[in-house]
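K.L.:
Sharing query.cif here; it has mmCIF, C-alpha atoms and all ligand atoms.
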data_protein
loop_
_atom_site.group_PDB
_atom_site.id
_atom_site.type_symbol
_atom_site.label_atom_id
_atom_site.label_comp_id
_atom_site.auth_asym_id
_atom_site.auth_seq_id
_atom_site.Cartn_x
_atom_site.Cartn_y
_atom_site.Cartn_z
ATOM 1 C CA MET H 1 7.623 12.410 -16.839
ATOM 2 C CA LYS H 2 8.094 8.673 -16.997
ATOM 3 C CA LYS H 3 5.252 6.369 -16.044
ATOM 4 C CA ILE H 4 5.574 5.078 -12.517
ATOM 5 C CA ASN H 5 4.462 1.549 -11.635
ATOM 6 C CA PHE H 6 2.566 1.565 -8.357
ATOM 7 C CA VAL H 7 2.385 -1.907 -6.869
ATOM 8 C CA PHE H 8 -0.248 -2.054 -4.138
ATOM 9 C CA ASP H 9 -0.540 -4.693 -1.466
ATOM 10 C CA LEU H 10 -4.234 -5.381 -0.782
ATOM 11 C CA ASP H 11 -4.794 -6.562 2.799
ATOM 12 C CA ASN H 12 -4.492 -3.869 5.449
ATOM 13 C CA VAL H 13 -3.342 -1.416 2.790
ATOM 14 C CA VAL H 14 -6.258 -0.925 0.390
ATOM 15 C CA VAL H 15 -8.796 -3.187 2.093
ATOM 16 C CA SER H 16 -9.581 -4.794 5.409
ATOM 17 C CA VAL H 17 -11.346 -8.170 5.262
ATOM 18 C CA LEU H 18 -14.098 -8.966 7.724
ATOM 19 C CA ASP H 19 -13.395 -12.663 8.156
ATOM 20 C CA TYR H 20 -14.993 -13.282 11.526
ATOM 21 C CA GLU H 21 -17.861 -11.608 13.363
ATOM 22 C CA ALA H 22 -18.380 -9.855 10.047
ATOM 23 C CA GLU H 23 -21.967 -8.860 10.655
ATOM 24 C CA ARG H 24 -21.330 -7.439 14.099
ATOM 25 C CA LYS H 25 -18.356 -5.407 12.857
ATOM 26 C CA TYR H 26 -20.235 -4.227 9.781
ATOM 27 C CA ASN H 27 -23.073 -2.910 11.927
ATOM 28 C CA GLU H 28 -20.603 -1.259 14.236
ATOM 29 C CA TYR H 29 -19.008 0.555 11.291
ATOM 30 C CA ILE H 30 -22.427 1.735 10.162
ATOM 31 C CA GLU H 31 -23.011 3.134 13.612
ATOM 32 C CA LEU H 32 -19.629 4.867 13.741
ATOM 33 C CA LEU H 33 -19.240 6.011 10.139
ATOM 34 C CA GLY H 34 -22.773 6.159 8.731
ATOM 35 C CA GLU H 35 -24.514 3.838 6.303
ATOM 36 C CA GLU H 36 -23.696 5.853 3.203
ATOM 37 C CA PHE H 37 -19.987 5.855 3.894
ATOM 38 C CA VAL H 38 -19.913 2.167 4.749
ATOM 39 C CA LYS H 39 -21.860 1.102 1.649
ATOM 40 C CA ARG H 40 -19.623 3.158 -0.568
ATOM 41 C CA HIS H 41 -16.533 1.560 0.972
ATOM 42 C CA THR H 42 -17.698 -2.054 0.884
ATOM 43 C CA ILE H 43 -16.745 -4.584 -1.759
ATOM 44 C CA LYS H 44 -17.195 -8.339 -1.776
ATOM 45 C CA ALA H 45 -14.742 -10.978 -2.919
ATOM 46 C CA LEU H 46 -15.210 -14.739 -2.533
ATOM 47 C CA GLY H 47 -18.214 -13.852 -0.419
ATOM 48 C CA TYR H 48 -16.179 -11.944 2.156
ATOM 49 C CA ILE H 49 -16.862 -8.331 2.992
ATOM 50 C CA HIS H 50 -13.834 -6.165 2.281
ATOM 51 C CA MET H 51 -13.857 -2.660 3.717
ATOM 52 C CA VAL H 52 -12.007 -0.202 1.474
ATOM 53 C CA PHE H 53 -10.003 2.458 3.295
ATOM 54 C CA PRO H 54 -11.146 6.006 2.469
ATOM 55 C CA GLY H 55 -9.362 7.877 -0.294
ATOM 56 C CA PHE H 56 -8.259 4.915 -2.402
ATOM 57 C CA TYR H 57 -10.831 5.495 -5.148
ATOM 58 C CA ALA H 58 -9.548 9.061 -5.402
ATOM 59 C CA LEU H 59 -5.920 7.926 -5.237
ATOM 60 C CA PHE H 60 -6.390 5.442 -8.091
ATOM 61 C CA LYS H 61 -8.087 8.164 -10.142
ATOM 62 C CA TRP H 62 -5.256 10.587 -9.396
ATOM 63 C CA LEU H 63 -2.638 8.039 -10.500
ATOM 64 C CA LYS H 64 -4.499 7.168 -13.694
ATOM 65 C CA GLU H 65 -5.057 10.813 -14.552
ATOM 66 C CA ASN H 66 -1.320 11.311 -14.264
ATOM 67 C CA ASN H 67 -0.835 8.352 -16.569
ATOM 68 C CA HIS H 68 0.786 5.971 -14.081
ATOM 69 C CA ASN H 69 0.342 2.190 -13.878
ATOM 70 C CA ILE H 70 -1.667 0.539 -11.133
ATOM 71 C CA ILE H 71 -0.597 -2.993 -10.196
ATOM 72 C CA PHE H 72 -1.619 -5.254 -7.303
ATOM 73 C CA PHE H 73 0.502 -7.800 -5.476
ATOM 74 C CA SER H 74 -1.168 -9.645 -2.634
ATOM 75 C CA SER H 75 -0.139 -12.849 -0.908
ATOM 76 C CA GLY H 76 -3.815 -13.836 -0.980
ATOM 77 C CA ILE H 77 -5.133 -16.467 -3.384
ATOM 78 C CA LYS H 78 -5.576 -15.446 -6.983
ATOM 79 C CA ASP H 79 -9.365 -15.842 -7.218
ATOM 80 C CA ARG H 80 -9.876 -13.529 -4.277
ATOM 81 C CA ASN H 81 -7.390 -10.963 -5.579
ATOM 82 C CA VAL H 82 -8.894 -10.891 -9.071
ATOM 83 C CA GLU H 83 -12.419 -10.445 -7.748
ATOM 84 C CA ALA H 84 -11.392 -7.786 -5.224
ATOM 85 C CA VAL H 85 -9.470 -5.772 -7.823
ATOM 86 C CA GLU H 86 -12.399 -5.969 -10.253
ATOM 87 C CA GLU H 87 -14.723 -4.613 -7.581
ATOM 88 C CA LEU H 88 -12.264 -1.870 -6.646
ATOM 89 C CA MET H 89 -11.988 -0.721 -10.243
ATOM 90 C CA LYS H 90 -15.782 -0.815 -10.664
ATOM 91 C CA LYS H 91 -16.147 1.519 -7.690
ATOM 92 C CA THR H 92 -13.341 3.791 -8.864
ATOM 93 C CA PHE H 93 -14.136 3.977 -12.576
ATOM 94 C CA PRO H 94 -17.816 3.070 -12.866
ATOM 95 C CA LYS H 95 -18.004 4.187 -16.505
ATOM 96 C CA ASN H 96 -14.925 2.551 -17.991
ATOM 97 C CA TYR H 97 -13.706 -0.055 -15.529
ATOM 98 C CA GLU H 98 -13.548 -2.788 -18.162
ATOM 99 C CA GLU H 99 -11.091 -0.783 -20.200
ATOM 100 C CA ILE H 100 -9.068 0.170 -17.108
ATOM 101 C CA LEU H 101 -8.931 -3.457 -15.930
ATOM 102 C CA LYS H 102 -7.181 -4.523 -19.122
ATOM 103 C CA ASP H 103 -4.115 -2.583 -17.964
ATOM 104 C CA VAL H 104 -4.198 -3.595 -14.308
ATOM 105 C CA LYS H 105 -1.873 -6.489 -13.534
ATOM 106 C CA ILE H 106 -2.506 -8.690 -10.511
ATOM 107 C CA PHE H 107 0.096 -10.814 -8.721
ATOM 108 C CA SER H 108 -0.788 -13.351 -6.060
ATOM 109 C CA ARG H 109 0.512 -15.952 -3.623
ATOM 110 C CA GLU H 110 2.153 -18.090 -6.320
ATOM 111 C CA ASP H 111 4.182 -15.103 -7.506
ATOM 112 C CA LEU H 112 5.942 -14.635 -4.159
ATOM 113 C CA PHE H 113 9.656 -15.401 -4.122
ATOM 114 C CA ASN H 114 10.029 -18.107 -1.494
ATOM 115 C CA VAL H 115 13.575 -17.837 -0.191
ATOM 116 C CA GLU H 116 13.256 -20.359 2.613
ATOM 117 C CA ARG H 117 14.306 -23.226 0.367
ATOM 118 C CA TYR H 118 17.741 -21.593 0.019
ATOM 119 C CA ARG H 119 18.348 -21.357 3.740
ATOM 120 C CA GLU H 120 19.830 -24.765 4.465
ATOM 121 C CA SER H 121 21.331 -25.310 1.045
ATOM 122 C CA GLY H 122 24.762 -26.949 0.899
ATOM 123 C CA ASP H 123 25.626 -24.579 -1.898
ATOM 124 C CA GLU H 124 27.036 -21.326 -0.569
ATOM 125 C CA SER H 125 25.815 -19.187 -3.447
ATOM 126 C CA LYS H 126 22.290 -20.416 -2.746
ATOM 127 C CA ARG H 127 22.588 -19.631 0.942
ATOM 128 C CA ASN H 128 23.724 -16.219 -0.165
ATOM 129 C CA ILE H 129 20.466 -15.717 -2.081
ATOM 130 C CA TYR H 130 18.711 -16.219 1.242
ATOM 131 C CA LYS H 131 20.949 -13.736 3.061
ATOM 132 C CA VAL H 132 20.681 -11.050 0.415
ATOM 133 C CA ALA H 133 16.886 -11.344 0.312
ATOM 134 C CA GLN H 134 16.638 -10.916 4.110
ATOM 135 C CA ASN H 135 18.737 -7.805 4.364
ATOM 136 C CA PRO H 136 17.603 -5.743 6.173
ATOM 137 C CA PHE H 137 14.115 -7.136 6.716
ATOM 138 C CA PHE H 138 13.541 -10.741 7.650
ATOM 139 C CA GLY H 139 10.848 -12.679 5.815
ATOM 140 C CA ASN H 140 10.709 -15.961 3.932
ATOM 141 C CA LYS H 141 8.266 -14.830 1.264
ATOM 142 C CA LYS H 142 9.273 -11.815 -0.781
ATOM 143 C CA LYS H 143 7.444 -9.605 -3.236
ATOM 144 C CA LYS H 144 10.360 -9.476 -5.626
ATOM 145 C CA LEU H 145 9.689 -6.952 -8.353
ATOM 146 C CA VAL H 146 12.353 -7.572 -10.997
ATOM 147 C CA ASP H 147 11.487 -10.371 -13.425
ATOM 148 C CA VAL H 148 8.172 -10.964 -11.664
ATOM 149 C CA VAL H 149 6.343 -7.643 -11.814
ATOM 150 C CA VAL H 150 8.636 -5.467 -13.936
ATOM 151 C CA SER H 151 11.760 -5.725 -16.069
ATOM 152 C CA LYS H 152 15.144 -4.633 -14.740
ATOM 153 C CA ASP H 153 14.944 -1.322 -16.623
ATOM 154 C CA GLU H 154 11.601 -0.534 -15.044
ATOM 155 C CA LEU H 155 12.702 -1.075 -11.453
ATOM 156 C CA GLU H 156 13.804 2.507 -10.909
ATOM 157 C CA ASN H 157 10.260 3.630 -11.726
ATOM 158 C CA THR H 158 8.469 1.134 -9.516
ATOM 159 C CA ILE H 159 7.147 1.586 -5.987
ATOM 160 C CA LEU H 160 5.825 -1.192 -3.737
ATOM 161 C CA ILE H 161 3.223 0.009 -1.249
ATOM 162 C CA GLU H 162 3.149 -2.262 1.798
ATOM 163 C CA ASP H 163 2.178 -2.338 5.452
ATOM 164 C CA ASP H 164 4.465 -5.320 6.137
ATOM 165 C CA LYS H 165 8.158 -4.772 5.499
ATOM 166 C CA SER H 166 8.959 -8.496 5.697
ATOM 167 C CA TYR H 167 7.741 -8.803 2.080
ATOM 168 C CA SER H 168 10.427 -6.424 0.852
ATOM 169 C CA TYR H 169 13.148 -8.176 -1.135
ATOM 170 C CA GLY H 170 16.554 -6.983 0.142
ATOM 171 C CA PRO H 171 18.013 -5.520 -3.063
ATOM 172 C CA GLU H 172 14.720 -3.689 -3.696
ATOM 173 C CA VAL H 173 14.338 -2.073 -0.298
ATOM 174 C CA LYS H 174 14.495 1.406 -1.843
ATOM 175 C CA ASN H 175 11.329 0.595 -3.806
ATOM 176 C CA LEU H 176 9.344 0.195 -0.624
ATOM 177 C CA LEU H 177 6.811 2.782 0.495
ATOM 178 C CA MET H 178 5.649 1.767 3.951
ATOM 179 C CA VAL H 179 2.217 2.613 5.296
ATOM 180 C CA LYS H 180 0.623 1.969 8.657
ATOM 181 C CA GLY H 181 -1.466 -1.192 8.650
ATOM 182 C CA SER H 182 -3.749 -2.665 11.232
ATOM 183 C CA TYR H 183 -5.988 -5.707 11.186
ATOM 184 C CA ARG H 184 -8.795 -3.368 12.232
ATOM 185 C CA TYR H 185 -10.563 -1.188 9.708
ATOM 186 C CA PHE H 186 -11.709 1.404 12.155
ATOM 187 C CA SER H 187 -12.505 1.704 15.810
ATOM 188 C CA ASN H 188 -13.409 4.654 17.860
ATOM 189 C CA TYR H 189 -10.568 5.370 20.232
ATOM 190 C CA SER H 190 -11.221 9.069 20.549
ATOM 191 C CA PHE H 191 -12.319 8.658 24.166
ATOM 192 C CA GLU H 192 -9.276 6.716 25.194
ATOM 193 C CA LYS H 193 -6.361 8.364 26.903
ATOM 194 C CA ASP H 194 -3.682 6.513 24.988
ATOM 195 C CA SER H 195 -2.647 9.015 22.326
ATOM 196 C CA ARG H 196 -0.418 6.459 20.629
ATOM 197 C CA MET H 197 -3.523 4.405 19.909
ATOM 198 C CA VAL H 198 -5.324 7.395 18.414
ATOM 199 C CA GLU H 199 -2.308 8.166 16.259
ATOM 200 C CA ASP H 200 -2.077 4.602 14.935
ATOM 201 C CA GLU H 201 -5.783 4.619 14.253
ATOM 202 C CA PHE H 202 -5.508 7.797 12.235
ATOM 203 C CA SER H 203 -2.481 6.592 10.253
ATOM 204 C CA ASN H 204 -4.135 3.277 9.480
ATOM 205 C CA PHE H 205 -7.469 4.705 8.405
ATOM 206 C CA TYR H 206 -6.129 7.588 6.320
ATOM 207 C CA LYS H 207 -3.101 5.920 4.761
ATOM 208 C CA SER H 208 -4.251 6.823 1.228
ATOM 209 C CA TYR H 209 -3.763 10.478 2.193
ATOM 210 C CA TYR H 210 -0.267 9.682 3.407
ATOM 211 C CA ILE H 211 0.613 7.848 0.180
ATOM 212 C CA CYS H 212 -0.608 10.777 -1.896
ATOM 213 C CA GLY H 213 1.086 13.432 0.247
ATOM 214 C CA LEU H 214 4.397 11.604 0.388
ATOM 215 C CA LEU H 215 4.323 10.932 -3.356
ATOM 216 C CA ASN H 216 3.574 14.528 -4.115
ATOM 217 C CA ALA H 217 6.554 15.613 -2.009
ATOM 218 C CA THR H 218 8.734 12.894 -3.565
ATOM 219 C CA LEU H 219 7.930 14.035 -7.110
ATOM 220 C CA ASN H 220 8.534 17.690 -6.253
ATOM 221 C CA TYR H 221 11.863 16.977 -4.570
ATOM 222 C CA MET H 222 12.929 14.751 -7.467
ATOM 223 C CA LYS H 223 12.307 17.566 -9.962
ATOM 224 C CA GLU H 224 13.863 20.233 -7.786
ATOM 225 C CA LYS H 225 17.097 18.292 -7.249
ATOM 226 C CA ASN H 226 17.032 16.456 -10.566
ATOM 227 C CA ILE H 227 17.523 13.081 -8.909
ATOM 228 C CA LEU H 228 16.015 9.630 -9.378
ATOM 229 C CA LEU H 229 12.563 8.818 -8.065
ATOM 230 C CA LEU H 230 13.804 6.188 -5.611
ATOM 231 C CA ASP H 231 16.550 8.458 -4.268
ATOM 232 C CA SER H 232 13.974 11.133 -3.640
ATOM 233 C CA LEU H 233 11.662 8.685 -1.868
ATOM 234 C CA TRP H 234 14.610 7.436 0.200
ATOM 235 C CA LYS H 235 15.511 10.955 1.235
ATOM 236 C CA LEU H 236 11.989 11.780 2.442
ATOM 237 C CA GLN H 237 11.118 8.424 3.925
ATOM 238 C CA VAL H 238 14.457 7.461 5.488
ATOM 239 C CA GLU H 239 17.165 10.157 5.547
ATOM 240 C CA ASP H 240 14.867 12.896 6.808
ATOM 241 C CA THR H 241 14.198 10.869 9.956
ATOM 242 C CA ASN H 242 17.856 11.074 11.062
ATOM 243 C CA GLU H 243 17.443 7.548 12.344
ATOM 244 C CA GLU H 244 19.686 4.652 11.532
ATOM 245 C CA PHE H 245 18.367 2.447 8.751
ATOM 246 C CA GLY H 246 18.358 -1.269 9.544
ATOM 247 C CA LYS H 247 16.155 -4.186 10.505
ATOM 248 C CA ASP H 248 14.473 -2.202 13.289
ATOM 249 C CA PHE H 249 13.745 0.881 11.218
ATOM 250 C CA PHE H 250 10.152 1.802 11.842
ATOM 251 C CA TYR H 251 9.423 4.293 9.031
ATOM 252 C CA PRO H 252 8.497 7.064 11.474
ATOM 253 C CA MET H 253 7.400 9.430 8.698
ATOM 254 C CA ARG H 254 4.151 7.482 8.830
ATOM 255 C CA ASN H 255 3.297 9.713 11.776
ATOM 256 C CA GLN H 256 3.933 12.988 9.943
ATOM 257 C CA LYS H 257 0.656 14.858 9.776
ATOM 258 C CA LYS H 258 1.884 17.207 7.022
ATOM 259 C CA TYR H 259 1.821 14.369 4.463
ATOM 260 C CA TYR H 260 -1.721 13.367 5.440
ATOM 261 C CA MET H 261 -2.936 16.939 5.184
ATOM 262 C CA LYS H 262 -1.357 17.508 1.775
ATOM 263 C CA GLY H 263 -2.681 14.192 0.445
ATOM 264 C CA TYR H 264 -6.146 15.010 1.693
ATOM 265 C CA GLU H 265 -6.030 18.378 -0.040
ATOM 266 C CA ILE H 266 -5.052 16.765 -3.361
ATOM 267 C CA LEU H 267 -7.440 13.812 -3.195
ATOM 268 C CA LYS H 268 -10.354 16.004 -2.187
ATOM 269 C CA ARG H 269 -10.090 17.609 -5.610
ATOM 270 C CA MET H 270 -10.638 14.155 -7.151
ATOM 271 C CA ASP H 271 -13.519 13.229 -4.886
ATOM 272 C CA ASN H 272 -15.544 15.921 -3.163
ATOM 273 C CA GLU H 273 -17.206 13.342 -0.921
ATOM 274 C CA LEU H 274 -13.904 12.725 0.876
ATOM 275 C CA TYR H 275 -13.787 13.836 4.454
ATOM 276 C CA MET H 276 -11.682 13.568 7.526
ATOM 277 C CA LEU H 277 -13.268 12.813 10.864
HETATM 278 MG MG MG H 301 -0.700 -6.262 3.923
#
So that I can check it, write out the structure of this file as structure tokens.
P.N.:
Amino acid sequence: MKKINFVFDLDNVVVSVLDYEAERKYNEYIELLGEEFVKRHTIKALGYIHMVFPGFYALFKWLKENNHNIIFFSSGIKDRNVEAVEELMKKTFPKNYEEILKDVKIFSREDLFNVERYRESGDESKRNIYKVAQNPFFGNKKKKLVDVVVSKDELENTILIEDDKSYSYGPEVKNLLMVKGSYRYFSNYSFEKDSRMVEDEFSNFYKSYYICGLLNATLNYMKEKNILLLDSLWKLQVEDTNEEFGKDFFYPMRNQKKYYMKGYEILKRMDNELYML
């Protein structure tokens, strides 16, 4: 099988930054999740505590073992991104992280495709660049993959993992794998009556399981039907919902427990310390 390029957003996908009331939140997490878990899932970058969502160390290992490429693209500043990725790889591959890091590309704020400057252009073809980039998801800063992250030939084997669809560049919308993101790392809503809240909490915290489960299903379906990777992902993530695809599409598969359960089963083989609350 061809190598797949997995392009991970950082904030609210892989990590959650504690930028205010950090100490109070950190202690709260220790109380809720236990000191061992919290220490294992803490990295620091530019002095800020970053909480790593469970399962990502196992997911990175799983991808590397299957010979895929791991890439990061965060709208954060470069120094922070480089330090955070280094720490993530140290935690994931303690024995050979230096070697692994050589192959891990990192893209940052300055690599975003800023389409706003085309908006009011007197030149129609330039205004068209703006329109094309925004379809279907509005956003002035795009994580354009072609010519920035990968070559044109590589696009069909590239997946952007995001919690914010506004970063998706219109012509590359099929490359998007959407996960549930929240500015919170974890909070204990199990006593609250609002089941929607509990569901969001679960999807946010265990999104690595979802990524793994959905990918596993995508690869199986691709082989079974002998279709392209992105067509398979589109089928499972969009067509299977029977909902209309457009600017308000919500990626409802992010609530499908079957993908979380399958991902958990696979990742648990990579990391026997993984658990689900
Ligand atoms: Mg994000």
K.L.:
Find the nearest atom pair between each residue of chain H and ligand MG 301 (chain H) for residues within 6 Å, count all atoms listed in the file, give distances in Å to one decimal, sort rows by chain and ascending number, and present the table as JSON lines.
P.N.:
{"residue": "H:Asp9", "atom": "CA", "partner": "H:MG301", "partner_atom": "MG", "distance": 5.6}
{"residue": "H:Leu10", "atom": "CA", "partner": "H:MG301", "partner_atom": "MG", "distance": 5.9}
{"residue": "H:Asp11", "atom": "CA", "partner": "H:MG301", "partner_atom": "MG", "distance": 4.3}
{"residue": "H:Asn12", "atom": "CA", "partner": "H:MG301", "partner_atom": "MG", "distance": 4.7}
{"residue": "H:Val13", "atom": "CA", "partner": "H:MG301", "partner_atom": "MG", "distance": 5.6}
{"residue": "H:Glu162", "atom": "CA", "partner": "H:MG301", "partner_atom": "MG", "distance": 5.9}
{"residue": "H:Asp163", "atom": "CA", "partner": "H:MG301", "partner_atom": "MG", "distance": 5.1}
{"residue": "H:Asp164", "atom": "CA", "partner": "H:MG301", "partner_atom": "MG", "distance": 5.7}
K.L.:
Any chance you could resolve the PyMOL selection byres (((chain H and resi 92) around 8) and not hetatm) against this file and give the residues as a ChimeraX atom specification?
P.N.:
/H:57-58,60-61,88-91,93-94,97
K.L.:
What does the file look like for those residues with C-alpha atoms, as an mmCIF file, in the coordinates of the input?
P.N.:
data_model
loop_
_atom_site.group_PDB
_atom_site.id
_atom_site.type_symbol
_atom_site.label_atom_id
_atom_site.label_comp_id
_atom_site.auth_asym_id
_atom_site.auth_seq_id
_atom_site.Cartn_x
_atom_site.Cartn_y
_atom_site.Cartn_z
ATOM 1 C CA TYR H 57 -10.831 5.495 -5.148
ATOM 2 C CA ALA H 58 -9.548 9.061 -5.402
ATOM 3 C CA PHE H 60 -6.390 5.442 -8.091
ATOM 4 C CA LYS H 61 -8.087 8.164 -10.142
ATOM 5 C CA LEU H 88 -12.264 -1.870 -6.646
ATOM 6 C CA MET H 89 -11.988 -0.721 -10.243
ATOM 7 C CA LYS H 90 -15.782 -0.815 -10.664
ATOM 8 C CA LYS H 91 -16.147 1.519 -7.690
ATOM 9 C CA PHE H 93 -14.136 3.977 -12.576
ATOM 10 C CA PRO H 94 -17.816 3.070 -12.866
ATOM 11 C CA TYR H 97 -13.706 -0.055 -15.529
#
K.L.:
Quick check, in Å to one decimal: how far apart do atom CA of Glu31 of chain H and atom CA of Arg254 of chain H lie?
P.N.:
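Computing the Euclidean distance for atom CA of Glu31 of chain H and atom CA of Arg254 of chain H yields 27.9 Å.
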K.L.:
What's around segment 62-77 of chain H at 9 Å? Count all atoms listed in the file, leave out sequence neighbours fewer than 6 positions away in its own chain, and write the answer as a list in words.
P.N.:
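Listing them by chain and then by number gives Lys2, Lys3, Ile4, Asn5, Phe6, Val7, Phe8, Asp9, Leu10, Asp11, Val85, Asp103, Val104, Lys105, Ile106, Phe107, Ser108, Arg109, Glu110, Asp111, Leu112, Lys141, Lys143, Val149, Leu160, Cys212, Ile266, Leu267 and Met270 of chain H.
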K.L.:
So, counting only C-alpha atoms, which residue among H:Phe205, H:Phe56, H:Tyr221, H:Phe138 is closest to Tyr167 of chain H?
P.N.:
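Closest to Tyr167 of chain H, using only C-alpha atoms: H:Phe138.
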K.L.:
Which residue out of H:Gly181, H:Ser208, H:Met222, H:Lys247 has the minimum interatomic distance to Ser168 of chain H when only C-alpha atoms are used?
P.N.:
H:Lys247
K.L.:
For segment 216-231 of chain H, take all atoms listed in the file, fit an axis-aligned box around them, add 4 Å to each of the six sides, then output centre and edge lengths in Å rounded to one decimal, as lines of an AutoDock Vina configuration file.
P.N.:
center_x = 10.5
center_y = 13.2
center_z = -6.3
size_x = 21.9
size_y = 22.0
size_z = 16.6
K.L.:
Could you work out how far atom CA of Leu229 of chain H lies from atom CA of Ile129 of chain H, giving the answer in Å with one decimal?
P.N.:
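Atom CA of Leu229 of chain H lies 26.5 Å from atom CA of Ile129 of chain H.
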K.L.:
Taking the file as I've supplied it (selection: the PyMOL selection byres (((chain H and resi 255) around 12) and not hetatm)), which residues are included? Please answer as a PDB file with C-alpha atoms, keeping the file's coordinate frame.
P.N.:
ATOM      1  CA  MET H 178       5.649   1.767   3.951  1.00  0.00           C
ATOM      2  CA  VAL H 179       2.217   2.613   5.296  1.00  0.00           C
ATOM      3  CA  LYS H 180       0.623   1.969   8.657  1.00  0.00           C
ATOM      4  CA  ARG H 196      -0.418   6.459  20.629  1.00  0.00           C
ATOM      5  CA  MET H 197      -3.523   4.405  19.909  1.00  0.00           C
ATOM      6  CA  VAL H 198      -5.324   7.395  18.414  1.00  0.00           C
ATOM      7  CA  GLU H 199      -2.308   8.166  16.259  1.00  0.00           C
ATOM      8  CA  ASP H 200      -2.077   4.602  14.935  1.00  0.00           C
ATOM      9  CA  GLU H 201      -5.783   4.619  14.253  1.00  0.00           C
ATOM     10  CA  PHE H 202      -5.508   7.797  12.235  1.00  0.00           C
ATOM     11  CA  SER H 203      -2.481   6.592  10.253  1.00  0.00           C
ATOM     12  CA  ASN H 204      -4.135   3.277   9.480  1.00  0.00           C
ATOM     13  CA  TYR H 206      -6.129   7.588   6.320  1.00  0.00           C
ATOM     14  CA  LYS H 207      -3.101   5.920   4.761  1.00  0.00           C
ATOM     15  CA  TYR H 209      -3.763  10.478   2.193  1.00  0.00           C
ATOM     16  CA  TYR H 210      -0.267   9.682   3.407  1.00  0.00           C
ATOM     17  CA  LEU H 214       4.397  11.604   0.388  1.00  0.00           C
ATOM     18  CA  GLN H 237      11.118   8.424   3.925  1.00  0.00           C
ATOM     19  CA  THR H 241      14.198  10.869   9.956  1.00  0.00           C
ATOM     20  CA  PHE H 250      10.152   1.802  11.842  1.00  0.00           C
ATOM     21  CA  TYR H 251       9.423   4.293   9.031  1.00  0.00           C
ATOM     22  CA  PRO H 252       8.497   7.064  11.474  1.00  0.00           C
ATOM     23  CA  MET H 253       7.400   9.430   8.698  1.00  0.00           C
ATOM     24  CA  ARG H 254       4.151   7.482   8.830  1.00  0.00           C
ATOM     25  CA  GLN H 256       3.933  12.988   9.943  1.00  0.00           C
ATOM     26  CA  LYS H 257       0.656  14.858   9.776  1.00  0.00           C
ATOM     27  CA  LYS H 258       1.884  17.207   7.022  1.00  0.00           C
ATOM     28  CA  TYR H 259       1.821  14.369   4.463  1.00  0.00           C
ATOM     29  CA  TYR H 260      -1.721  13.367   5.440  1.00  0.00           C
ATOM     30  CA  MET H 261      -2.936  16.939   5.184  1.00  0.00           C
TER      31      MET H 261
END
K.L.:
Between atom CA of Tyr118 of chain H and atom CA of Glu156 of chain H, what is the spacing in Å?
P.N.:
26.8 Å
K.L.:
Using the chain letters and numbers from the file, which residues does the PyMOL selection byres (((chain H and resi 219) around 10) and not hetatm) grab, as a ChimeraX atom specification?
P.N.:
/H:1,214-218,220-224,227-230,232-233
K.L.:
At most 9 Å is the cut-off: for each residue in segment 116-229 of chain H with any atom that close to an atom of segment 243-246 of chain H, write down the nearest atom pair and the distance in Å rounded to one decimal, counting all atoms listed in the file, chain first then increasing number, as CSV.
P.N.:
residue,atom,partner,partner_atom,distance
H:Asn135,CA,H:Gly246,CA,8.3
H:Pro136,CA,H:Gly246,CA,5.7
H:Phe137,CA,H:Gly246,CA,7.8
K.L.:
Would you mind listing what lies within 12 Å of Tyr48 of chain H as JSON, numbers by chain, with all atoms listed in the file counted and same-chain residues fewer than 4 positions away left out?
P.N.:
{"H": [15, 16, 17, 18, 19, 20, 21, 22, 23, 26, 42, 43, 44, 80, 81, 83, 84]}
K.L.:
Grab the residues selected above and save them as a PDB file, in the frame of the given file with C-alpha atoms.
P.N.:
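File written: again-v5.pdb
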ATOM      1  CA  VAL H  15      -8.796  -3.187   2.093  1.00  0.00           C
ATOM      2  CA  SER H  16      -9.581  -4.794   5.409  1.00  0.00           C
ATOM      3  CA  VAL H  17     -11.346  -8.170   5.262  1.00  0.00           C
ATOM      4  CA  LEU H  18     -14.098  -8.966   7.724  1.00  0.00           C
ATOM      5  CA  ASP H  19     -13.395 -12.663   8.156  1.00  0.00           C
ATOM      6  CA  TYR H  20     -14.993 -13.282  11.526  1.00  0.00           C
ATOM      7  CA  GLU H  21     -17.861 -11.608  13.363  1.00  0.00           C
ATOM      8  CA  ALA H  22     -18.380  -9.855  10.047  1.00  0.00           C
ATOM      9  CA  GLU H  23     -21.967  -8.860  10.655  1.00  0.00           C
ATOM     10  CA  TYR H  26     -20.235  -4.227   9.781  1.00  0.00           C
ATOM     11  CA  THR H  42     -17.698  -2.054   0.884  1.00  0.00           C
ATOM     12  CA  ILE H  43     -16.745  -4.584  -1.759  1.00  0.00           C
ATOM     13  CA  LYS H  44     -17.195  -8.339  -1.776  1.00  0.00           C
ATOM     14  CA  ARG H  80      -9.876 -13.529  -4.277  1.00  0.00           C
ATOM     15  CA  ASN H  81      -7.390 -10.963  -5.579  1.00  0.00           C
ATOM     16  CA  GLU H  83     -12.419 -10.445  -7.748  1.00  0.00           C
ATOM     17  CA  ALA H  84     -11.392  -7.786  -5.224  1.00  0.00           C
TER      18      ALA H  84
END
K.L.:
Point out the residue among H:Glu87, H:Lys39, H:Ile159, H:Asn226 with the least atom-to-atom distance to Leu101 of chain H, counting all atoms listed in the file.
P.N.:
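Among H:Glu87, H:Lys39, H:Ile159, H:Asn226, it is H:Glu87 that comes nearest to Leu101 of chain H.
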K.L.:
Pick out the closest residue to Lys235 of chain H from this set: H:Ile100, H:Leu177, H:Ile211, H:Val52. Count all atoms listed in the file.
P.N.:
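Checking each candidate against Lys235 of chain H, we get H:Leu177 as the closest.
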K.L.:
Which residue is closest to Asn157 of chain H? Choose from H:Asp231, H:Arg117, H:Met51, H:Asn96 and count only C-alpha atoms.
P.N.:
H:Asp231
